[in-house]
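Participant: Contents of run_28.txt (compact mmCIF, C-alpha atoms and all ligand atoms) are below:
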```txt
# COMPACT_ATOMS: atom_id res chain seq x y z
CA MET A 1 11.42 69.01 41.73
CA ALA A 2 8.27 71.12 41.32
CA THR A 3 8.59 73.59 44.17
CA LEU A 4 6.09 76.13 45.44
CA VAL A 5 7.18 78.75 47.99
CA TYR A 6 4.56 80.51 50.09
CA VAL A 7 5.54 84.19 50.19
CA GLU A 8 3.96 85.90 53.17
CA ASP A 9 3.31 89.64 53.03
CA HIS A 10 3.27 92.17 55.80
CA GLU A 11 2.42 95.87 55.52
CA GLY A 12 2.62 95.83 51.74
CA GLU A 13 5.96 94.03 51.49
CA PRO A 14 6.96 90.41 51.02
CA VAL A 15 8.36 89.08 54.29
CA LYS A 16 12.16 88.82 54.23
CA GLY A 17 12.20 85.22 55.53
CA SER A 18 9.95 84.04 52.68
CA LEU A 19 12.18 85.72 50.08
CA GLY A 20 15.22 84.03 51.61
CA VAL A 21 13.52 80.63 51.31
CA LEU A 22 12.58 81.45 47.72
CA GLY A 23 16.22 82.20 46.90
CA LYS A 24 17.30 78.86 48.37
CA ALA A 25 14.59 77.04 46.41
CA ALA A 26 15.81 78.73 43.21
CA GLU A 27 19.34 77.46 43.94
CA LEU A 28 18.03 73.90 44.16
CA SER A 29 15.74 73.92 41.14
CA ASP A 30 15.27 75.96 37.96
CA GLU A 31 11.50 75.82 38.05
CA VAL A 32 10.46 77.48 41.26
CA ALA A 33 7.03 79.03 41.66
CA ALA A 34 5.77 81.25 44.45
CA VAL A 35 2.32 82.05 45.73
CA LEU A 36 1.01 85.29 47.19
CA LEU A 37 -2.16 85.00 49.26
CA GLY A 38 -3.76 88.18 50.51
CA SER A 39 -5.59 91.35 49.60
CA GLU A 40 -3.94 93.80 47.18
CA VAL A 41 -0.86 91.64 46.91
CA GLU A 42 -0.55 91.42 43.13
CA ALA A 43 1.82 94.38 43.04
CA LEU A 44 4.35 92.29 45.00
CA ALA A 45 4.68 89.72 42.21
CA GLU A 46 7.54 91.56 40.48
CA THR A 47 9.62 91.64 43.67
CA VAL A 48 8.91 87.96 44.20
CA GLY A 49 10.04 87.24 40.63
CA ARG A 50 13.30 89.11 41.16
CA HIS A 51 13.97 86.83 44.13
CA GLY A 52 13.83 83.69 42.05
CA ALA A 53 10.24 82.72 41.19
CA LYS A 54 9.67 82.02 37.47
CA ARG A 55 5.92 81.87 38.04
CA VAL A 56 3.99 83.75 40.71
CA PHE A 57 0.49 82.56 41.55
CA VAL A 58 -1.59 85.36 43.00
CA ALA A 59 -4.72 84.83 45.06
CA ASP A 60 -5.75 88.44 45.60
CA ASP A 61 -9.05 88.66 47.42
CA PRO A 62 -10.50 90.68 50.32
CA ALA A 63 -11.40 87.34 51.92
CA LEU A 64 -7.68 86.81 52.43
CA GLU A 65 -6.99 90.17 54.03
CA ALA A 66 -6.96 88.97 57.65
CA PRO A 67 -3.89 86.88 58.48
CA LEU A 68 -5.93 83.72 59.16
CA PRO A 69 -4.63 80.29 58.18
CA GLN A 70 -7.62 78.24 57.00
CA PRO A 71 -8.62 80.39 53.97
CA ARG A 72 -4.98 80.21 52.87
CA VAL A 73 -4.97 76.45 53.33
CA ASP A 74 -8.05 76.22 51.05
CA VAL A 75 -6.31 78.08 48.23
CA LEU A 76 -2.96 76.36 48.69
CA ALA A 77 -4.41 72.84 48.83
CA LYS A 78 -6.22 73.31 45.52
CA LEU A 79 -3.17 74.92 43.91
CA VAL A 80 -0.78 72.17 45.03
CA GLU A 81 -3.12 69.48 43.73
CA SER A 82 -4.03 71.15 40.44
CA GLU A 83 -0.44 72.14 39.56
CA GLY A 84 1.15 68.97 40.91
CA PHE A 85 3.71 70.61 43.18
CA ASP A 86 5.75 68.00 45.01
CA THR A 87 7.45 70.41 47.43
CA VAL A 88 6.00 73.36 49.36
CA LEU A 89 8.32 75.58 51.39
CA PHE A 90 7.53 78.16 54.07
CA GLY A 91 9.66 80.69 55.92
CA ALA A 92 8.70 80.32 59.58
CA SER A 93 6.35 82.82 61.19
CA VAL A 94 3.29 82.47 63.39
CA LEU A 95 1.00 82.56 60.34
CA ALA A 96 3.22 80.37 58.14
CA ALA A 97 3.44 77.70 60.86
CA ASP A 98 -0.36 77.59 61.07
CA VAL A 99 -0.75 77.49 57.29
CA ALA A 100 1.92 74.78 56.87
CA SER A 101 0.44 72.55 59.55
CA GLY A 102 -3.10 73.10 58.22
CA LEU A 103 -1.93 72.20 54.71
CA ALA A 104 -0.14 69.09 55.99
CA ALA A 105 -3.37 67.93 57.64
CA ARG A 106 -5.48 68.77 54.59
CA LEU A 107 -3.20 66.97 52.11
CA ASP A 108 -2.12 64.22 54.51
CA ALA A 109 1.43 65.34 53.78
CA GLY A 110 4.63 65.22 55.83
CA LEU A 111 5.88 68.48 57.30
CA ASN A 112 9.44 68.94 58.53
CA TRP A 113 9.80 72.08 60.62
CA ASP A 114 12.57 74.27 62.02
CA LEU A 115 14.93 73.40 59.17
CA VAL A 116 18.14 75.39 58.80
CA ASP A 117 19.22 74.02 55.45
CA LEU A 118 18.03 72.07 52.45
CA GLU A 119 20.04 70.13 49.93
CA LEU A 120 19.48 67.79 47.02
CA ARG A 121 21.33 64.51 47.40
CA ASP A 122 21.05 61.94 44.60
CA GLY A 123 17.92 63.74 43.48
CA LYS A 124 16.35 63.52 46.95
CA LEU A 125 15.53 66.51 49.11
CA VAL A 126 17.29 66.43 52.49
CA GLY A 127 16.42 68.84 55.30
CA LYS A 128 18.71 69.75 58.20
CA ARG A 129 17.27 70.37 61.61
CA PRO A 130 19.09 71.32 64.82
CA GLU A 131 18.29 68.98 67.70
CA LEU A 132 19.19 68.56 71.39
CA GLY A 133 19.33 72.27 72.10
CA ASP A 134 20.93 72.97 68.72
CA SER A 135 24.00 70.92 69.64
CA VAL A 136 23.61 68.48 66.73
CA ILE A 137 22.19 68.69 63.23
CA ALA A 138 19.81 65.91 62.21
CA GLU A 139 19.10 65.10 58.58
CA VAL A 140 15.44 64.63 57.83
CA GLY A 141 13.47 63.50 54.79
CA TRP A 142 9.95 62.78 53.64
CA THR A 143 8.30 59.45 52.91
CA SER A 144 5.60 60.86 50.63
CA GLU A 145 4.71 63.83 48.46
CA PRO A 146 4.04 66.66 48.63
CA ARG A 147 6.94 67.41 50.94
CA LEU A 148 6.27 70.36 53.23
CA ALA A 149 9.00 72.27 55.05
CA LEU A 150 9.06 75.19 57.43
CA ILE A 151 12.43 76.95 57.50
CA ARG A 152 13.71 78.64 60.67
CA SER A 153 13.49 82.43 60.48
CA GLY A 154 16.65 84.25 59.46
CA THR A 155 18.16 81.13 57.86
CA PHE A 156 18.54 82.36 54.28
CA GLU A 157 19.31 85.94 53.24
CA PRO A 158 17.16 87.14 50.35
CA ALA A 159 19.10 87.66 47.13
CA GLU A 160 17.91 88.97 43.79
CA SER A 161 18.56 86.23 41.27
CA GLY A 162 15.57 86.29 38.93
CA GLY A 163 13.70 88.51 36.52
CA SER A 164 10.16 89.37 35.60
CA PRO A 165 7.88 86.43 36.47
CA GLU A 166 4.84 84.99 34.76
CA VAL A 167 1.91 86.10 36.93
CA LEU A 168 -1.03 83.71 37.21
CA ARG A 169 -4.25 84.62 39.00
CA VAL A 170 -5.82 82.00 41.23
CA ASP A 171 -9.54 81.77 42.06
CA VAL A 172 -10.38 81.99 45.73
CA GLU A 173 -13.06 79.50 46.77
CA LEU A 174 -13.31 78.98 50.48
CA GLU A 175 -14.75 76.09 52.44
CA ASP A 176 -17.57 77.00 54.81
CA PHE A 177 -15.61 75.85 57.83
CA SER A 178 -12.67 78.04 56.82
CA THR A 179 -14.66 81.23 57.19
CA LYS A 180 -15.83 80.52 60.75
CA ALA A 181 -12.85 82.24 62.37
CA VAL A 182 -12.89 86.01 62.00
CA MET A 183 -10.32 88.61 62.91
CA ILE A 184 -11.87 90.89 65.51
CA GLU A 185 -8.98 93.25 66.02
CA GLN A 186 -5.42 93.66 64.94
CA ALA A 187 -3.10 95.85 66.95
CA HIS A 188 0.46 96.78 66.19
CA GLU A 189 2.93 97.30 68.94
CA GLU A 190 4.56 100.70 68.59
CA SER A 191 8.22 100.11 67.95
CA GLN A 192 11.04 101.74 66.13
CA GLY A 193 13.74 100.05 64.08
CA PRO A 194 13.81 96.50 62.71
CA SER A 195 12.13 93.50 64.34
CA ILE A 196 14.39 90.95 66.04
CA GLU A 197 13.66 88.45 63.24
CA ASP A 198 14.93 90.87 60.58
CA ALA A 199 17.67 92.77 62.40
CA ASP A 200 21.33 92.41 61.46
CA VAL A 201 22.25 93.64 64.93
CA ILE A 202 20.53 92.66 68.18
CA VAL A 203 21.32 94.10 71.58
CA ALA A 204 19.82 91.87 74.26
CA GLY A 205 19.26 92.70 77.91
CA GLY A 206 19.09 90.34 80.87
CA ARG A 207 18.47 90.46 84.60
CA GLY A 208 21.88 92.07 85.05
CA LEU A 209 20.25 95.34 84.01
CA GLY A 210 18.76 95.45 87.51
CA GLN A 211 15.41 97.04 86.66
CA ALA A 212 13.06 97.71 83.76
CA GLU A 213 14.08 101.38 83.42
CA ASN A 214 17.66 100.33 82.67
CA PHE A 215 16.52 98.83 79.37
CA ALA A 216 17.05 102.41 78.14
CA LEU A 217 20.78 101.52 78.06
CA VAL A 218 20.16 98.58 75.75
CA GLU A 219 17.74 100.60 73.62
CA GLY A 220 20.30 103.40 73.26
CA LEU A 221 23.00 101.03 72.03
CA ALA A 222 20.58 99.26 69.68
CA LYS A 223 19.50 102.60 68.22
CA ALA A 224 23.09 103.72 67.71
CA LEU A 225 23.83 100.48 65.86
CA GLY A 226 20.56 100.48 63.86
CA GLY A 227 19.59 97.23 65.57
CA ALA A 228 16.76 95.69 67.55
CA VAL A 229 16.33 95.00 71.26
CA ALA A 230 15.86 91.49 72.62
CA ALA A 231 15.36 90.13 76.13
CA THR A 232 15.77 87.01 78.23
CA ARG A 233 12.90 85.13 79.76
CA ALA A 234 13.90 86.30 83.23
CA VAL A 235 13.23 89.93 82.32
CA VAL A 236 10.12 89.13 80.29
CA ASP A 237 8.71 87.17 83.24
CA ALA A 238 9.52 90.10 85.49
CA GLY A 239 7.48 92.35 83.18
CA TRP A 240 10.49 94.48 82.22
CA TYR A 241 10.18 93.88 78.48
CA PRO A 242 7.54 92.44 76.10
CA TYR A 243 7.37 88.73 75.33
CA ALA A 244 7.64 89.50 71.60
CA THR A 245 11.33 90.22 72.19
CA GLN A 246 12.14 87.05 74.14
CA VAL A 247 14.93 85.01 72.61
CA GLY A 248 15.36 81.35 73.48
CA GLN A 249 13.66 78.02 73.87
CA ALA A 250 10.30 79.52 74.83
CA GLY A 251 10.79 82.60 72.65
CA LYS A 252 12.23 83.36 69.25
CA THR A 253 15.23 81.97 67.43
CA VAL A 254 17.36 84.69 65.87
CA SER A 255 20.51 84.76 63.79
CA PRO A 256 21.69 88.35 63.36
CA LYS A 257 25.19 89.21 62.19
CA LEU A 258 25.97 90.68 65.61
CA TYR A 259 24.41 89.76 68.98
CA ILE A 260 25.40 91.81 72.01
CA ALA A 261 24.31 90.24 75.30
CA CYS A 262 24.19 92.65 78.24
CA GLY A 263 23.89 91.19 81.73
CA ILE A 264 22.81 87.78 80.48
CA SER A 265 24.10 84.63 82.18
CA GLY A 266 23.77 82.46 79.06
CA ALA A 267 21.48 79.64 80.21
CA ILE A 268 21.04 76.83 77.69
CA GLN A 269 17.42 77.91 77.13
CA HIS A 270 18.67 81.34 76.04
CA LYS A 271 21.59 79.95 74.05
CA VAL A 272 19.39 77.83 71.77
CA GLY A 273 17.69 80.97 70.52
CA MET A 274 20.79 82.96 69.59
CA GLN A 275 23.77 80.71 69.08
CA GLY A 276 23.33 80.91 65.30
CA SER A 277 24.33 84.60 65.43
CA GLY A 278 27.36 85.63 63.38
CA THR A 279 29.39 87.31 66.13
CA ILE A 280 28.41 87.10 69.80
CA VAL A 281 29.65 89.77 72.21
CA ALA A 282 28.83 89.33 75.90
CA ILE A 283 29.18 91.90 78.65
CA ASN A 284 28.94 90.41 82.13
CA LYS A 285 30.53 91.26 85.47
CA ASP A 286 30.99 87.56 86.33
CA PRO A 287 34.10 86.18 84.54
CA ASN A 288 32.66 82.68 84.97
CA ALA A 289 29.30 83.44 83.34
CA PRO A 290 28.34 80.54 81.02
CA ILE A 291 27.68 82.93 78.13
CA PHE A 292 31.42 83.53 77.79
CA GLU A 293 31.85 79.88 76.77
CA TYR A 294 30.15 80.58 73.45
CA SER A 295 30.95 84.27 72.91
CA ASP A 296 33.38 85.53 70.30
CA LEU A 297 34.22 88.51 72.48
CA ALA A 298 33.92 88.41 76.26
CA VAL A 299 33.82 91.72 78.10
CA VAL A 300 34.08 91.36 81.88
CA GLY A 301 32.66 94.42 83.56
CA ASP A 302 29.62 96.36 84.67
CA ILE A 303 27.08 97.00 81.94
CA HIS A 304 26.09 100.28 83.55
CA GLU A 305 29.60 101.59 82.90
CA ILE A 306 30.39 99.86 79.62
CA VAL A 307 27.16 100.19 77.63
CA PRO A 308 26.88 104.02 77.80
CA LYS A 309 30.55 104.35 76.77
CA LEU A 310 30.06 101.90 73.92
CA THR A 311 26.95 103.78 72.77
CA ASP A 312 28.84 107.10 72.81
CA LEU A 313 31.68 105.57 70.83
CA VAL A 314 29.33 104.12 68.20
CA GLN A 315 27.52 107.47 67.91
CA GLN A 316 30.83 109.33 67.48
CA ARG A 317 32.04 106.89 64.82
CA ARG A 318 28.73 107.07 62.99
CA GLY A 319 28.56 110.83 63.38
CA SER A 320 25.07 110.70 64.92
C1 LIG B 1 11.42 75.38 80.07
C2 LIG B 1 12.24 76.63 80.14
C3 LIG B 1 12.24 77.48 79.05
C4 LIG B 1 13.02 78.64 79.09
N1 LIG B 1 13.02 79.47 78.00
C5 LIG B 1 13.81 80.55 78.01
C6 LIG B 1 13.87 81.41 76.88
O1 LIG B 1 13.15 81.24 75.88
N2 LIG B 1 14.72 82.45 76.91
C7 LIG B 1 15.51 82.72 78.00
O2 LIG B 1 16.28 83.70 77.96
N3 LIG B 1 15.46 81.95 79.09
C8 LIG B 1 14.61 80.88 79.13
N4 LIG B 1 14.53 80.13 80.26
C9 LIG B 1 15.14 80.64 81.49
C10 LIG B 1 16.63 80.38 81.60
O3 LIG B 1 16.86 79.12 82.19
C11 LIG B 1 17.33 81.46 82.47
O4 LIG B 1 16.69 81.49 83.75
C12 LIG B 1 17.25 82.87 81.89
O5 LIG B 1 17.71 82.87 80.56
C13 LIG B 1 18.16 83.79 82.73
O6 LIG B 1 18.01 85.10 82.28
P1 LIG B 1 19.13 86.19 82.55
O7 LIG B 1 20.41 85.74 81.90
O8 LIG B 1 18.55 87.50 82.17
O9 LIG B 1 19.24 86.21 84.15
P2 LIG B 1 20.32 85.60 85.11
O10 LIG B 1 20.54 84.16 84.88
O11 LIG B 1 19.90 86.03 86.48
O12 LIG B 1 21.69 86.33 84.73
C14 LIG B 1 21.97 87.67 84.96
C15 LIG B 1 23.43 87.90 84.61
O13 LIG B 1 23.72 89.27 84.72
C16 LIG B 1 25.02 89.42 85.24
N5 LIG B 1 25.07 90.75 85.88
C17 LIG B 1 24.43 91.17 87.00
N6 LIG B 1 24.66 92.48 87.21
C18 LIG B 1 25.49 92.89 86.20
C19 LIG B 1 26.10 94.13 85.86
N7 LIG B 1 25.87 95.24 86.59
N8 LIG B 1 26.90 94.17 84.77
C20 LIG B 1 27.16 93.07 84.03
N9 LIG B 1 26.58 91.87 84.29
C21 LIG B 1 25.76 91.78 85.36
C22 LIG B 1 25.17 88.28 86.24
O14 LIG B 1 26.54 87.99 86.43
C23 LIG B 1 24.41 87.16 85.52
O15 LIG B 1 25.29 86.38 84.73
C24 LIG B 1 13.77 78.96 80.24
C25 LIG B 1 13.75 78.09 81.33
C26 LIG B 1 13.01 76.94 81.29
C27 LIG B 1 13.02 76.02 82.46
```
Do you think you could lay out the structure here as structure tokens?
Facilitator:
Amino acid sequence: MATLVYVEDHEGEPVKGSLGVLGKAAELSDEVAAVLLGSEVEALAETVGRHGAKRVFVADDPALEAPLPQPRVDVLAKLVESEGFDTVLFGASVLAADVASGLAARLDAGLNWDLVDLELRDGKLVGKRPELGDSVIAEVGWTSEPRLALIRSGTFEPAESGGSPEVLRVDVELEDFSTKAVMIEQAHEESQGPSIEDADVIVAGGRGLGQAENFALVEGLAKALGGAVAATRAVVDAGWYPYATQVGQAGKTVSPKLYIACGISGAIQHKVGMQGSGTIVAINKDPNAPIFEYSDLAVVGDIHEIVPKLTDLVQQRRGS
């Protein structure tokens, strides 16, 4: 298998999800290469090598500074064809999904998305994808090469398994049509702590909080645990919390080690976004709340009483 992993960068660091995918690729094949596409990204090649890439292709050009897909598709398409890669893997993100689908169209290749595992069976690559609200796992394959796959965020933990890579510079030649879209403005939401995609601990708030101001309870617990805050669609629709934090069918899929659900009923559309979490703790005043059916620890009670006490306890234990 000649595998290429697209390693996305953000704020001068390789994105954790891409490094996790790279580690998985290195488990499946000895000869894994990675590609960095951006501006001033060459310095990241060593980190990428330590995470399993023997060769790191670097397309370092100001034309790739904005996180736009088509210029990346131009570079990737030429690289895949000239180097003969038969497999191209992506860790899911908004940009990676655009790049992967653009590359699939450009190369007339098959793309399997939302995979949560990959394995080699009798020399063939097999992808695993949750279906029917994540209640079953379907095995998927490809009928042609190159095989493209987008892996669900948070699926593979990055692990350092490699050494110093061979770094190969790639020329950046863009198609006219790929330069038509320009980035007018990029704004970063002010936030503290890890993002919900990267966090080991997520504290999520639902309508049971009663009003937007009560999200302070959830934020306090998340801060004490060094985690991130997530929300249900009900509270996002009500304008209590930003959409970027919505977990579920119409939001993000997360898989932290610990997920604490506060005042969340546990609708199927929420469940599909968080059921892959390591340990699920739910606090709800209704003993019959559906979320208790798939929680590891069910706490029946009022979040307004329990969450502040829990936060105090965590702070005492952590000495903060
Ligand atoms: C097409 C589609 C897509 C959807 N996508 C998503 C999605 O991406 N993400 C998502 O989350 N939802 C999604 N939904 C909505 C979903 O069906 C639910 O309506 C939503 O998840 C409910 O949010 P909630 O649990 O915050 O609110 P509710 O269902 O109103 O639950 C509130 C819970 O809080 C408890 N509670 C109330 N007061 C307290 C208290 N003081 N202490 C403790 N517990 C208390 C109640 O017992 C209740 O269980 C989608 C729906 C559709 C149709």
Participant: Residues near Asp296 in chain A, anyone? I mean within 8 Å using all atoms listed in the file, not counting same-chain ones fewer than 6 positions away, as a list in words.
Facilitator: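 The neighbour list is Thr279, Ile280 and Val281 of chain A.
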Participant: Which one is closest to Gly273 in chain A: A:Glu175, A:Gly227, A:Ser153, A:His304? Count only C-alpha atoms.
Facilitator: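 Counting only C-alpha atoms, the residue closest to Gly273 in chain A is A:Ser153.
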Participant: Using only C-alpha atoms, which protein or nucleic acid residues come within 10 Å of Ala105 in chain A? Drop anything in the same chain fewer than 6 positions from it, and give the result as a ChimeraX atom specification.
Facilitator: /A:73,99,111
Participant: Given all atoms listed in the file as the basis, pick out the residue of A:Ala45, A:Ala53, A:Val35, A:Ala298 nearest to Gly162 in chain A.
Facilitator: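 Closest to Gly162 in chain A of all the choices is A:Ala53.
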Participant: Measuring atom to atom with all atoms listed in the file, identify which of A:Ala212, A:Val167, A:Leu313, A:Leu76 is nearest to Ala224 in chain A.
Facilitator: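 When distances to Ala224 in chain A are compared using all atoms listed in the file, the smallest one comes from A:Leu313.
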Participant: Box for ligand LIG 1 (chain B) - axis-aligned, 5 Å on each of the six sides, all listed atoms - centre and size in Å to one decimal, as lines of an AutoDock Vina configuration file.
Facilitator:
```
center_x = 19.3
center_y = 85.3
center_z = 81.5
size_x = 25.7
size_y = 29.9
size_z = 21.3
```
Participant: Considering only C-alpha atoms and all ligand atoms, can you say which of A:Val116, A:Ala66, A:Val172, A:Ala238 comes closest to ligand LIG 1 (chain B)?
Facilitator: A:Ala238
Participant: Do you know which residues lie at most 12 Å from (5.6, 91.0, 71.8), with coordinates as in the file and all atoms listed in the file counted, and could you write them as a count of residues only?
Facilitator: 21
